[in-house]
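Listing of structure.txt, compact mmCIF, C-alpha atoms
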```
# COMPACT_ATOMS: atom_id res chain seq x y z
CA MET Q 5 11.70 -41.65 -53.84
CA ALA Q 6 11.31 -39.70 -50.64
CA MET Q 7 10.81 -42.89 -48.68
CA SER Q 8 14.44 -43.89 -48.52
CA TYR Q 9 15.74 -40.50 -47.43
CA ASP Q 10 13.54 -39.81 -44.46
CA ARG Q 11 14.46 -42.65 -42.17
CA ALA Q 12 17.74 -41.35 -40.87
CA ILE Q 13 18.15 -37.79 -39.66
CA THR Q 14 21.74 -37.66 -40.79
CA VAL Q 15 20.95 -38.23 -44.44
CA PHE Q 16 20.25 -35.42 -46.90
CA SER Q 17 17.78 -35.95 -49.70
CA PRO Q 18 18.92 -35.26 -53.29
CA ASP Q 19 17.21 -31.89 -53.30
CA GLY Q 20 18.92 -30.78 -50.09
CA HIS Q 21 16.20 -31.50 -47.52
CA LEU Q 22 16.57 -33.02 -44.11
CA PHE Q 23 13.22 -34.72 -44.12
CA GLN Q 24 13.14 -35.44 -40.40
CA VAL Q 25 13.51 -31.74 -39.69
CA ASP Q 26 10.72 -30.95 -42.15
CA TYR Q 27 8.49 -33.53 -40.49
CA ALA Q 28 9.33 -32.04 -37.10
CA GLN Q 29 8.09 -28.71 -38.43
CA GLU Q 30 4.85 -30.44 -39.40
CA ALA Q 31 4.51 -31.61 -35.80
CA VAL Q 32 4.87 -27.99 -34.73
CA LYS Q 33 2.08 -26.94 -37.07
CA LYS Q 34 -0.21 -29.35 -35.25
CA GLY Q 35 0.42 -27.77 -31.86
CA SER Q 36 -1.84 -25.12 -30.33
CA THR Q 37 -1.14 -21.55 -31.32
CA ALA Q 38 1.23 -19.31 -29.43
CA VAL Q 39 1.70 -15.60 -30.11
CA GLY Q 40 4.36 -13.17 -28.92
CA VAL Q 41 4.47 -9.37 -29.09
CA ARG Q 42 7.35 -7.08 -28.16
CA GLY Q 43 6.30 -3.65 -26.92
CA LYS Q 44 8.49 -0.80 -25.73
CA ASN Q 45 8.11 -1.49 -22.01
CA VAL Q 46 6.37 -4.82 -21.91
CA VAL Q 47 6.67 -8.21 -23.62
CA VAL Q 48 3.63 -10.44 -24.01
CA LEU Q 49 3.17 -14.15 -24.72
CA GLY Q 50 -0.25 -15.64 -25.35
CA VAL Q 51 -1.19 -19.26 -25.95
CA GLU Q 52 -4.31 -21.06 -26.98
CA LYS Q 53 -5.43 -23.21 -24.09
CA LYS Q 54 -6.28 -26.72 -25.13
CA ILE Q 55 -9.76 -27.89 -24.28
CA VAL Q 56 -9.38 -30.35 -21.43
CA ALA Q 57 -11.53 -33.36 -20.69
CA LYS Q 58 -14.25 -32.89 -18.10
CA LEU Q 59 -12.55 -34.92 -15.40
CA GLN Q 60 -9.11 -33.46 -16.08
CA GLU Q 61 -7.75 -30.73 -13.82
CA ASP Q 62 -7.18 -27.50 -15.63
CA ARG Q 63 -3.56 -26.67 -14.74
CA THR Q 64 -3.09 -23.00 -15.32
CA VAL Q 65 0.55 -22.82 -16.34
CA ARG Q 66 1.63 -25.37 -18.85
CA LYS Q 67 2.68 -23.83 -22.12
CA ILE Q 68 4.27 -20.66 -20.83
CA CYS Q 69 7.37 -21.37 -18.75
CA SER Q 70 9.64 -18.94 -16.97
CA LEU Q 71 13.32 -19.66 -17.61
CA ASP Q 72 14.81 -17.04 -15.31
CA ASP Q 73 13.73 -13.83 -13.59
CA ASN Q 74 14.15 -11.91 -16.85
CA VAL Q 75 13.26 -14.47 -19.56
CA PHE Q 76 10.26 -16.67 -20.29
CA MET Q 77 9.04 -18.71 -23.23
CA ALA Q 78 6.08 -20.42 -24.89
CA PHE Q 79 6.22 -23.28 -27.38
CA ALA Q 80 4.15 -25.08 -29.98
CA GLY Q 81 4.48 -28.78 -30.70
CA LEU Q 82 5.38 -31.81 -28.60
CA THR Q 83 4.93 -30.85 -24.94
CA ALA Q 84 7.25 -33.59 -23.72
CA ASP Q 85 10.10 -32.34 -25.94
CA ALA Q 86 9.52 -28.83 -24.66
CA ARG Q 87 9.93 -29.96 -21.06
CA ILE Q 88 13.47 -31.13 -21.82
CA ILE Q 89 14.41 -27.91 -23.59
CA VAL Q 90 12.93 -25.77 -20.81
CA ASN Q 91 14.79 -27.72 -18.14
CA ARG Q 92 18.13 -27.40 -19.94
CA ALA Q 93 17.55 -23.70 -20.51
CA ARG Q 94 16.77 -23.14 -16.82
CA VAL Q 95 19.99 -24.87 -15.78
CA GLU Q 96 21.95 -22.84 -18.33
CA CYS Q 97 20.48 -19.57 -17.04
CA GLN Q 98 21.72 -20.34 -13.52
CA SER Q 99 25.03 -21.63 -14.81
CA HIS Q 100 25.52 -18.37 -16.69
CA ARG Q 101 24.78 -16.41 -13.52
CA LEU Q 102 27.25 -18.54 -11.59
CA THR Q 103 30.15 -18.09 -13.98
CA VAL Q 104 29.57 -14.55 -15.18
CA GLU Q 105 27.68 -13.00 -12.21
CA ASP Q 106 25.19 -11.48 -14.65
CA PRO Q 107 21.80 -12.70 -15.86
CA ALA Q 108 21.88 -14.21 -19.34
CA THR Q 109 20.62 -12.04 -22.18
CA VAL Q 110 17.57 -13.23 -24.11
CA GLU Q 111 19.73 -13.74 -27.19
CA TYR Q 112 22.23 -15.88 -25.26
CA ILE Q 113 19.60 -18.27 -23.99
CA THR Q 114 17.95 -18.40 -27.42
CA ARG Q 115 21.30 -19.26 -28.99
CA TYR Q 116 21.81 -21.95 -26.36
CA ILE Q 117 18.40 -23.53 -27.02
CA SER Q 118 18.96 -23.36 -30.78
CA SER Q 119 22.33 -25.05 -30.55
CA ILE Q 120 20.79 -27.92 -28.56
CA LYS Q 121 18.14 -28.28 -31.26
CA GLN Q 122 20.74 -28.19 -34.03
CA ARG Q 123 22.83 -30.85 -32.32
CA TYR Q 124 19.87 -33.18 -32.46
CA THR Q 125 19.57 -32.66 -36.22
CA GLN Q 126 23.09 -33.95 -36.71
CA SER Q 127 23.34 -36.91 -34.35
CA ASN Q 128 22.80 -40.50 -35.23
CA GLY Q 129 19.99 -42.31 -33.49
CA ARG Q 130 18.25 -39.19 -32.22
CA ARG Q 131 15.33 -37.32 -33.72
CA PRO Q 132 14.95 -33.53 -33.79
CA PHE Q 133 12.89 -31.73 -31.12
CA GLY Q 134 9.34 -31.29 -32.35
CA ILE Q 135 8.87 -27.79 -31.02
CA SER Q 136 9.18 -24.18 -32.05
CA SER Q 137 9.52 -21.71 -29.25
CA LEU Q 138 8.93 -18.01 -28.67
CA ILE Q 139 11.42 -16.63 -26.16
CA VAL Q 140 10.83 -13.19 -24.67
CA GLY Q 141 12.37 -11.07 -21.99
CA PHE Q 142 14.50 -8.08 -21.05
CA ASP Q 143 18.29 -7.90 -21.04
CA PHE Q 144 19.94 -6.37 -18.00
CA ASP Q 145 20.31 -3.10 -19.90
CA GLY Q 146 16.53 -2.93 -20.27
CA THR Q 147 16.06 -3.75 -23.97
CA PRO Q 148 13.10 -6.04 -24.70
CA HIS Q 149 13.51 -8.96 -27.10
CA LEU Q 150 11.38 -11.59 -28.82
CA TYR Q 151 13.06 -14.54 -30.52
CA GLN Q 152 11.67 -17.55 -32.33
CA THR Q 153 13.44 -20.91 -32.63
CA ASP Q 154 12.42 -23.88 -34.78
CA PRO Q 155 13.31 -27.60 -34.95
CA SER Q 156 16.13 -27.01 -37.40
CA GLY Q 157 18.01 -24.98 -34.82
CA THR Q 158 17.75 -21.56 -36.45
CA TYR Q 159 16.57 -18.52 -34.57
CA HIS Q 160 15.40 -15.05 -35.55
CA ALA Q 161 14.41 -11.91 -33.70
CA TRP Q 162 10.88 -10.65 -34.25
CA LYS Q 163 8.74 -7.70 -33.27
CA ALA Q 164 5.69 -9.95 -33.17
CA ASN Q 165 5.18 -13.55 -34.27
CA ALA Q 166 3.02 -16.61 -33.98
CA ILE Q 167 3.74 -20.35 -34.06
CA GLY Q 168 1.63 -23.50 -34.15
CA ARG Q 169 -1.78 -24.06 -35.65
CA SER Q 170 -2.96 -21.26 -37.96
CA ALA Q 171 0.26 -19.38 -37.37
CA LYS Q 172 0.07 -17.91 -40.87
CA THR Q 173 -3.33 -16.29 -40.24
CA VAL Q 174 -2.19 -14.84 -36.96
CA ARG Q 175 1.06 -13.54 -38.44
CA GLU Q 176 -0.83 -11.79 -41.24
CA PHE Q 177 -3.09 -10.18 -38.64
CA LEU Q 178 -0.03 -9.02 -36.71
CA GLU Q 179 1.59 -7.61 -39.85
CA LYS Q 180 -1.50 -5.56 -40.52
CA ASN Q 181 -1.98 -4.29 -36.99
CA TYR Q 182 1.46 -4.00 -35.40
CA LYS Q 183 2.53 -0.43 -34.67
CA GLU Q 184 6.16 0.53 -34.06
CA ASP Q 185 7.18 1.53 -30.54
CA MET Q 186 3.90 0.84 -28.80
CA GLU Q 187 4.33 2.95 -25.66
CA SER Q 188 1.18 1.76 -23.99
CA ASP Q 189 1.35 -1.60 -22.27
CA THR Q 190 -2.40 -2.05 -22.72
CA ASP Q 191 -2.09 -1.70 -26.51
CA THR Q 192 0.61 -4.38 -26.66
CA ILE Q 193 -1.45 -6.78 -24.55
CA LYS Q 194 -4.59 -6.04 -26.56
CA LEU Q 195 -2.76 -6.75 -29.83
CA ALA Q 196 -1.69 -10.18 -28.57
CA ILE Q 197 -5.20 -11.02 -27.43
CA ARG Q 198 -6.80 -9.76 -30.65
CA ALA Q 199 -4.35 -11.85 -32.66
CA LEU Q 200 -5.22 -14.98 -30.67
CA LEU Q 201 -8.95 -14.30 -30.85
CA GLU Q 202 -8.68 -14.61 -34.65
CA VAL Q 203 -8.04 -18.34 -34.39
CA VAL Q 204 -9.22 -19.42 -30.96
CA GLN Q 205 -12.76 -20.65 -30.57
CA SER Q 206 -15.04 -19.36 -27.81
CA GLY Q 207 -12.96 -16.31 -26.93
CA GLY Q 208 -11.24 -15.37 -23.69
CA LYS Q 209 -11.83 -18.64 -21.89
CA ASN Q 210 -9.35 -20.43 -24.11
CA ILE Q 211 -6.55 -17.90 -23.87
CA GLU Q 212 -3.63 -17.93 -21.45
CA LEU Q 213 -1.52 -14.80 -21.26
CA ALA Q 214 1.74 -13.89 -19.57
CA ILE Q 215 3.38 -10.46 -19.50
CA MET Q 216 6.66 -9.09 -18.27
CA LYS Q 217 7.37 -5.43 -17.64
CA ARG Q 218 10.90 -4.09 -17.44
CA ASP Q 219 12.56 -4.94 -14.09
CA GLU Q 220 9.62 -7.06 -12.99
CA SER Q 221 9.16 -10.80 -13.06
CA MET Q 222 6.74 -12.67 -15.29
CA LYS Q 223 3.07 -12.27 -14.45
CA MET Q 224 0.36 -14.69 -15.61
CA LEU Q 225 -2.87 -12.79 -16.16
CA ALA Q 226 -5.88 -14.10 -14.28
CA GLN Q 227 -8.91 -15.24 -16.22
CA GLU Q 228 -10.90 -12.17 -15.11
CA GLU Q 229 -8.22 -9.79 -16.39
CA ILE Q 230 -8.20 -11.49 -19.77
CA GLU Q 231 -12.00 -11.27 -19.90
CA GLU Q 232 -11.76 -7.52 -19.21
CA TYR Q 233 -9.43 -7.05 -22.16
CA VAL Q 234 -11.65 -9.18 -24.38
CA THR Q 235 -14.73 -7.13 -23.46
CA ALA Q 236 -12.81 -3.92 -24.17
CA ILE Q 237 -11.76 -5.30 -27.55
CA GLU Q 238 -15.34 -6.30 -28.43
CA THR Q 239 -16.59 -2.81 -27.54
CA GLU Q 240 -13.92 -1.25 -29.77
CA LYS Q 241 -14.92 -3.57 -32.60
CA GLN Q 242 -18.57 -2.59 -32.18
CA LYS Q 243 -17.65 1.07 -32.35
CA LYS Q 244 -15.75 0.57 -35.59
CA THR Q 245 -18.62 -1.26 -37.32
CA MET D 1 47.38 -0.28 25.08
CA GLY D 2 48.10 -3.81 26.22
CA TRP D 3 45.77 -5.14 23.58
CA ILE D 4 47.65 -3.41 20.81
CA GLU D 5 51.00 -4.81 21.94
CA ILE D 6 49.72 -8.33 21.96
CA LEU D 7 48.24 -7.69 18.57
CA ASP D 8 51.59 -6.67 17.17
CA ARG D 9 53.39 -9.74 18.34
CA ALA D 10 50.64 -12.23 17.85
CA GLU D 11 50.90 -14.93 15.27
CA VAL D 12 47.25 -15.26 14.78
CA VAL D 13 45.38 -17.12 12.16
CA THR D 14 41.90 -16.12 12.71
CA ASP D 15 38.63 -17.51 11.71
CA LYS D 16 36.14 -14.87 10.80
CA HIS D 17 33.31 -15.24 13.17
CA HIS D 18 29.71 -14.43 13.20
CA ILE D 19 26.78 -15.07 15.33
CA ARG D 20 23.09 -15.02 15.18
CA GLY D 21 20.21 -14.69 17.44
CA SER D 22 16.85 -16.31 17.14
CA THR D 23 13.64 -14.67 18.24
CA GLY D 24 9.98 -15.37 17.96
CA GLY D 25 9.65 -13.05 15.03
CA GLY D 26 12.81 -13.33 13.01
CA GLU D 27 16.49 -14.06 12.80
CA ILE D 28 19.42 -11.73 13.16
CA ARG D 29 22.92 -12.40 12.03
CA ARG D 30 26.09 -10.47 11.81
CA ALA D 31 29.57 -10.80 10.43
CA PRO D 32 32.66 -8.74 11.23
CA ASN D 33 34.01 -6.64 8.43
CA LEU D 34 37.60 -6.09 9.43
CA VAL D 35 40.26 -8.16 11.17
CA PRO D 36 43.54 -6.37 11.78
CA LEU D 37 46.57 -8.66 11.80
CA ARG D 38 49.84 -7.08 12.93
CA ILE D 39 50.14 -3.86 11.02
CA THR D 40 48.12 -5.07 8.11
CA CYS D 41 44.39 -5.05 7.89
CA LEU D 42 42.42 -7.75 6.20
CA PRO D 43 39.69 -6.63 3.79
CA ASN D 44 36.77 -4.97 5.48
CA ASP D 45 34.24 -4.93 2.71
CA GLN D 46 33.73 -8.63 2.22
CA ASP D 47 30.14 -9.59 2.61
CA LYS D 48 30.11 -13.14 3.90
CA MET D 49 26.36 -13.43 3.71
CA PHE D 50 24.82 -14.91 0.57
CA LYS D 51 21.20 -14.45 -0.30
CA LEU D 52 19.88 -17.89 -1.24
CA SER D 53 16.33 -16.72 -1.74
CA ASP D 54 13.96 -13.98 -0.63
CA LYS D 55 13.86 -15.31 2.90
CA ILE D 56 17.02 -17.36 3.29
CA LEU D 57 20.54 -16.15 4.08
CA LEU D 58 23.70 -18.25 4.10
CA LEU D 59 26.67 -17.07 6.13
CA CYS D 60 29.75 -18.88 4.84
CA VAL D 61 33.24 -18.70 6.35
CA GLY D 62 36.41 -20.74 6.19
CA GLU D 63 39.02 -21.41 3.53
CA ALA D 64 39.52 -18.48 1.20
CA GLY D 65 37.96 -19.19 -2.16
CA ASP D 66 36.09 -22.25 -0.95
CA THR D 67 33.59 -19.99 0.79
CA VAL D 68 32.51 -18.02 -2.27
CA GLN D 69 32.70 -21.02 -4.59
CA PHE D 70 30.54 -23.24 -2.42
CA ALA D 71 28.08 -20.55 -1.37
CA GLU D 72 27.49 -19.32 -4.94
CA TYR D 73 27.04 -22.90 -6.16
CA ILE D 74 24.38 -23.52 -3.51
CA GLN D 75 22.80 -20.14 -4.26
CA LYS D 76 22.37 -20.86 -7.97
CA ASN D 77 21.01 -24.34 -7.34
CA ILE D 78 18.42 -22.96 -4.94
CA GLN D 79 17.40 -20.48 -7.65
CA LEU D 80 17.20 -23.30 -10.20
CA TYR D 81 14.77 -25.13 -7.91
CA LYS D 82 12.64 -22.00 -7.84
CA MET D 83 12.61 -21.77 -11.65
CA ARG D 84 11.81 -25.44 -12.12
CA ASN D 85 9.07 -25.72 -9.53
CA GLY D 86 7.57 -22.26 -9.30
CA TYR D 87 8.18 -21.87 -5.57
CA GLU D 88 11.22 -21.51 -3.32
CA LEU D 89 12.80 -24.16 -1.13
CA SER D 90 11.97 -23.92 2.56
CA PRO D 91 14.88 -23.08 4.90
CA LYS D 92 14.86 -26.64 6.25
CA ALA D 93 15.04 -28.11 2.76
CA ALA D 94 17.74 -25.65 1.73
CA ALA D 95 19.78 -26.52 4.81
CA ASN D 96 19.54 -30.23 4.13
CA PHE D 97 20.38 -29.72 0.47
CA THR D 98 23.46 -27.73 1.48
CA ARG D 99 24.46 -30.39 3.98
CA LYS D 100 24.16 -33.16 1.41
CA ASN D 101 26.32 -31.27 -1.05
CA LEU D 102 28.95 -30.49 1.58
CA ALA D 103 28.96 -34.13 2.71
CA ASP D 104 29.37 -35.42 -0.85
CA TYR D 105 32.26 -33.08 -1.55
CA LEU D 106 33.84 -34.02 1.77
CA ARG D 107 34.06 -37.60 0.55
CA SER D 108 35.68 -36.66 -2.73
CA ARG D 109 39.16 -35.48 -3.65
CA THR D 110 37.99 -31.87 -3.50
CA PRO D 111 36.41 -31.10 -0.14
CA TYR D 112 35.20 -27.62 0.76
CA HIS D 113 36.52 -26.35 4.07
CA VAL D 114 33.67 -24.05 5.08
CA ASN D 115 31.60 -23.39 8.15
CA LEU D 116 28.06 -22.22 7.61
CA LEU D 117 25.11 -20.65 9.29
CA LEU D 118 21.84 -20.78 7.38
CA ALA D 119 18.95 -18.60 8.49
CA GLY D 120 15.52 -18.42 7.00
CA PHE D 121 11.88 -17.72 7.56
CA ASP D 122 9.29 -20.34 6.66
CA GLU D 123 5.60 -19.50 6.22
CA THR D 124 4.50 -22.47 8.30
CA ASP D 125 7.42 -23.15 10.64
CA GLY D 126 8.48 -19.58 11.32
CA PRO D 127 12.12 -18.52 11.68
CA GLY D 128 14.85 -21.17 11.74
CA LEU D 129 18.61 -21.17 12.23
CA TYR D 130 20.81 -24.02 11.07
CA TYR D 131 24.40 -24.55 12.17
CA MET D 132 26.68 -26.50 9.83
CA ASP D 133 30.38 -27.16 10.18
CA HIS D 134 33.01 -28.24 7.69
CA LEU D 135 32.42 -31.91 8.47
CA SER D 136 28.86 -31.43 7.32
CA ALA D 137 27.23 -31.77 10.71
CA LEU D 138 23.84 -30.05 10.64
CA ALA D 139 21.92 -28.87 13.67
CA LYS D 140 18.93 -26.60 14.09
CA ALA D 141 19.75 -24.24 16.93
CA PRO D 142 18.24 -21.21 18.68
CA PHE D 143 21.61 -19.41 18.47
CA ALA D 144 24.99 -20.29 17.00
CA ALA D 145 28.50 -19.09 16.35
CA HIS D 146 31.59 -20.20 14.46
CA GLY D 147 35.23 -19.38 15.00
CA TYR D 148 37.25 -18.21 18.00
CA GLY D 149 34.59 -15.73 18.88
CA ALA D 150 32.25 -18.61 19.55
CA TYR D 151 34.18 -19.48 22.70
CA LEU D 152 33.25 -16.13 24.15
CA THR D 153 29.81 -15.49 22.75
CA LEU D 154 28.11 -18.83 23.17
CA SER D 155 28.11 -18.45 26.92
CA ILE D 156 26.59 -14.98 26.67
CA LEU D 157 23.91 -16.32 24.37
CA ASP D 158 23.28 -19.27 26.61
CA ARG D 159 22.81 -17.00 29.61
CA TYR D 160 20.52 -14.41 28.07
CA TYR D 161 18.67 -16.18 25.27
CA ARG D 162 14.93 -16.77 25.66
CA PRO D 163 12.70 -18.35 23.01
CA ASP D 164 10.30 -15.41 23.17
CA LEU D 165 12.74 -12.58 22.52
CA THR D 166 11.33 -9.62 20.66
CA ARG D 167 13.17 -8.10 17.73
CA ASP D 168 14.72 -5.31 19.82
CA GLU D 169 15.71 -7.72 22.58
CA ALA D 170 17.44 -9.91 20.02
CA VAL D 171 19.41 -6.97 18.63
CA ASP D 172 20.39 -6.08 22.20
CA LEU D 173 21.57 -9.62 22.80
CA LEU D 174 23.70 -9.34 19.69
CA LYS D 175 25.13 -6.07 20.99
CA LYS D 176 25.96 -7.78 24.29
CA CYS D 177 27.91 -10.42 22.40
CA ILE D 178 29.84 -7.81 20.45
CA GLU D 179 30.63 -5.93 23.66
CA GLU D 180 32.01 -9.13 25.13
CA LEU D 181 34.19 -9.67 22.09
CA ASN D 182 35.37 -6.11 22.25
CA LYS D 183 36.38 -6.65 25.86
CA ARG D 184 37.92 -10.08 25.77
CA PHE D 185 38.78 -11.07 22.23
CA ILE D 186 42.39 -10.68 21.20
CA LEU D 187 41.62 -9.15 17.85
CA ASN D 188 40.16 -5.77 17.27
CA LEU D 189 36.87 -6.03 15.40
CA PRO D 190 35.62 -2.55 14.70
CA SER D 191 32.50 -3.17 12.68
CA PHE D 192 29.83 -5.77 12.17
CA SER D 193 27.19 -5.94 9.47
CA VAL D 194 23.83 -7.11 10.72
CA ARG D 195 20.89 -8.58 8.81
CA LEU D 196 17.45 -9.55 10.00
CA ILE D 197 15.00 -11.99 8.43
CA ASP D 198 11.30 -11.92 9.17
CA LYS D 199 8.11 -12.72 7.30
CA GLU D 200 8.67 -9.70 5.09
CA GLY D 201 12.08 -10.90 3.99
CA ILE D 202 15.68 -9.88 4.53
CA HIS D 203 16.46 -6.46 6.04
CA ASP D 204 19.81 -4.72 6.47
CA LEU D 205 20.16 -3.25 9.93
CA GLU D 206 22.71 -0.55 10.65
CA LYS D 207 26.33 -1.56 11.13
CA LEU D 208 27.33 -2.18 14.74
CA MET D 209 30.57 -0.48 15.76
CA PRO D 210 31.55 -1.31 19.32
CA VAL D 211 32.72 1.66 21.36
CA GLY D 212 36.47 1.72 21.89
CA ALA D 213 37.24 -0.40 18.85
CA LYS D 214 39.74 1.17 16.45
```
I'd like the structure from this file rewritten - as structure tokens, please.
Amino acid sequence: MAMSYDRAITVFSPDGHLFQVDYAQEAVKKGSTAVGVRGKNVVVLGVEKKIVAKLQEDRTVRKICSLDDNVFMAFAGLTADARIIVNRARVECQSHRLTVEDPATVEYITRYISSIKQRYTQSNGRRPFGISSLIVGFDFDGTPHLYQTDPSGTYHAWKANAIGRSAKTVREFLEKNYKEDMESDTDTIKLAIRALLEVVQSGGKNIELAIMKRDESMKMLAQEEIEEYVTAIETEKQKKT
Amino acid sequence: MGWIEILDRAEVVTDKHHIRGSTGGGEIRRAPNLVPLRITCLPNDQDKMFKLSDKILLLCVGEAGDTVQFAEYIQKNIQLYKMRNGYELSPKAAANFTRKNLADYLRSRTPYHVNLLLAGFDETDGPGLYYMDHLSALAKAPFAAHGYGAYLTLSILDRYYRPDLTRDEAVDLLKKCIEELNKRFILNLPSFSVRLIDKEGIHDLEKLMPVGAK
């Protein structure tokens, strides 16, 4: 009798599920894919660009948002929900700088976002956020981090991960191809692109990529740069086969 | 000698003072580092200038504590705007934002008693200097000063300022002001930190130490 237990968020089902949270995770699975890779000196986030209508303006930055000079994130799921989370996170980053005179660590901001999400799984009258996010950046001591949050409010650190549509396929690809301590920035970027190419139709045109090197701010790669990487990847594939 | 005697007996509560010059190419501002009061010296390493963004500086003086609190609050909010919108506030917008905040706090139970100078470089409008006092009056000005030093320096600036000053001429004008203070101001102000803003951003110029100051 699942019907009676999924109306209110604050009610557990007999087998210990919070159905609203589970359904929120389903909403995430419908969102376009996002992939994150943590290298030694660079962190990369890639997202699948949604195909826009002919008359619609193609806005370049939508799914990858910078939270502070040292942290940025991508999400999968309900875009409108993400806007709220991103806004709160941006305010918290500045608030942290104001009180502590230091930039927030990636883990701090991840914990903050997760606790917002968790609060919404325990309040009456509110539904959980329908997004999972990949949060990447460098702490002020130079260590790179990649964290993933989900609608239930839990977060985990990853070396590489994917969320959204076909996340499982992409994650399996990453598990097979991820190498520890990738020194080369190009290799890290190529891994993210290769992972996305597995599930994205029509190649480089539908990929949006952002990178951050240590002590630099986030950089969105231009379409031409992405195409260069894609061509390089195709050539490598040809050589192998 | 006479100056030192007066210094010893003076009951002086001094406002830190600072002045700026405006030129065709950029803005210069300076703030004194040390104010000796009787036999004690007030701190000489306090930087009263706050970097609001890559091309905007806020010089904030007044009530101890209020200055840092208010300036840092404005600074972080300007940064938040940058994060939210992807570009930085223009100097004019930043000045008006600051004024609004100061005005709102003035009409609350917790006013900030601060005097400000905001300087910035805008891509379209060029350099701009904004004078703001603790009553939240805002004025765009070619040159400005706060504090007791203003009584002496504003006339110098008025006499020698031209809208088409070059960078070196502006620094010289600043030096003239400091010389005047050194000659006529009751307090001994041995060093001034100077910053310049142009289209490349904020630059630290070398500290000005007037000759004869202790």
Taking (-0.7, -14.9, -16.7) in the coordinates of the supplied file, I want to know which residues reach to within 6 Å of it, counting only C-alpha atoms; could you give the answer as a list in words? Leu213, Ala214, Lys223, Met224, Leu225 and Ala226 of chain Q
Given the selection you just returned, output its residues as a file containing C-alpha atoms, formatted as a short mmCIF file (atom, residue, chain, number, x, y, z; two decimals), in the frame of the given file.
```
data_model
loop_
_atom_site.label_atom_id
_atom_site.label_comp_id
_atom_site.auth_asym_id
_atom_site.auth_seq_id
_atom_site.Cartn_x
_atom_site.Cartn_y
_atom_site.Cartn_z
CA LEU Q 213 -1.52 -14.80 -21.26
CA ALA Q 214 1.74 -13.89 -19.57
CA LYS Q 223 3.07 -12.27 -14.45
CA MET Q 224 0.36 -14.69 -15.61
CA LEU Q 225 -2.87 -12.79 -16.16
CA ALA Q 226 -5.88 -14.10 -14.28
#
```
Counting only C-alpha atoms, which residues from chain D have an atom at most 12 Å from any atom of chain Q, and could you show them as a PDB file with C-alpha atoms, keeping the file's coordinate frame?
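Saved result, part_33.pdb, follows:
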```pdb
ATOM      1  CA  VAL D  68      32.510 -18.020  -2.270  1.00  0.00           C
ATOM      2  CA  GLN D  69      32.700 -21.020  -4.590  1.00  0.00           C
ATOM      3  CA  PHE D  70      30.540 -23.240  -2.420  1.00  0.00           C
ATOM      4  CA  ALA D  71      28.080 -20.550  -1.370  1.00  0.00           C
ATOM      5  CA  GLU D  72      27.490 -19.320  -4.940  1.00  0.00           C
ATOM      6  CA  TYR D  73      27.040 -22.900  -6.160  1.00  0.00           C
ATOM      7  CA  ILE D  74      24.380 -23.520  -3.510  1.00  0.00           C
ATOM      8  CA  GLN D  75      22.800 -20.140  -4.260  1.00  0.00           C
ATOM      9  CA  LYS D  76      22.370 -20.860  -7.970  1.00  0.00           C
ATOM     10  CA  ASN D  77      21.010 -24.340  -7.340  1.00  0.00           C
ATOM     11  CA  ILE D  78      18.420 -22.960  -4.940  1.00  0.00           C
ATOM     12  CA  GLN D  79      17.400 -20.480  -7.650  1.00  0.00           C
ATOM     13  CA  LEU D  80      17.200 -23.300 -10.200  1.00  0.00           C
ATOM     14  CA  TYR D  81      14.770 -25.130  -7.910  1.00  0.00           C
ATOM     15  CA  LYS D  82      12.640 -22.000  -7.840  1.00  0.00           C
ATOM     16  CA  MET D  83      12.610 -21.770 -11.650  1.00  0.00           C
ATOM     17  CA  ARG D  84      11.810 -25.440 -12.120  1.00  0.00           C
ATOM     18  CA  ASN D  85       9.070 -25.720  -9.530  1.00  0.00           C
ATOM     19  CA  GLY D  86       7.570 -22.260  -9.300  1.00  0.00           C
ATOM     20  CA  TYR D  87       8.180 -21.870  -5.570  1.00  0.00           C
TER      21      TYR D  87
END
```
Coordinates-based distance that separates CA of Ile56 (chain D) from CA of Glu88 (chain D) (Å, one decimal):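 A separation of 9.7 Å between them.
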So how far away is CA of His149 (chain Q) from CA of Lys44 (chain Q), in Å?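 Straight-line distance from CA of Lys44 (chain Q) to CA of His149 (chain Q) works out to 9.7 Å.
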Applying 10 Å and all atoms listed in the file, which residues near Glu123 (chain D) remain after dropping the ones on its own chain fewer than 5 positions away? List them as a PyMOL selection string. chain D and resi 55+90+198-199
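Counting from CA of Ala80 (chain Q), the distance to CA of Thr192 (chain Q) is 21.3 Å.
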Return region 63-67 of chain D, completed with N, CA and C atoms, as a PDB file, in the coordinates of the input.
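See rebuild_36.pdb below for the written result:
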```
ATOM      1  N   GLU D  63      37.925 -21.500   4.499  1.00  0.00           N
ATOM      2  CA  GLU D  63      39.020 -21.410   3.530  1.00  0.00           C
ATOM      3  C   GLU D  63      38.713 -20.364   2.471  1.00  0.00           C
ATOM      4  N   ALA D  64      39.722 -19.520   2.206  1.00  0.00           N
ATOM      5  CA  ALA D  64      39.520 -18.480   1.200  1.00  0.00           C
ATOM      6  C   ALA D  64      39.258 -19.104  -0.148  1.00  0.00           C
ATOM      7  N   GLY D  65      38.283 -18.607  -0.861  1.00  0.00           N
ATOM      8  CA  GLY D  65      37.960 -19.190  -2.160  1.00  0.00           C
ATOM      9  C   GLY D  65      36.891 -20.246  -2.049  1.00  0.00           C
ATOM     10  N   ASP D  66      37.101 -21.201  -1.151  1.00  0.00           N
ATOM     11  CA  ASP D  66      36.090 -22.250  -0.950  1.00  0.00           C
ATOM     12  C   ASP D  66      34.758 -21.641  -0.573  1.00  0.00           C
ATOM     13  N   THR D  67      34.820 -20.596   0.283  1.00  0.00           N
ATOM     14  CA  THR D  67      33.590 -19.990   0.790  1.00  0.00           C
ATOM     15  C   THR D  67      32.721 -19.488  -0.349  1.00  0.00           C
TER      16      THR D  67
END
```
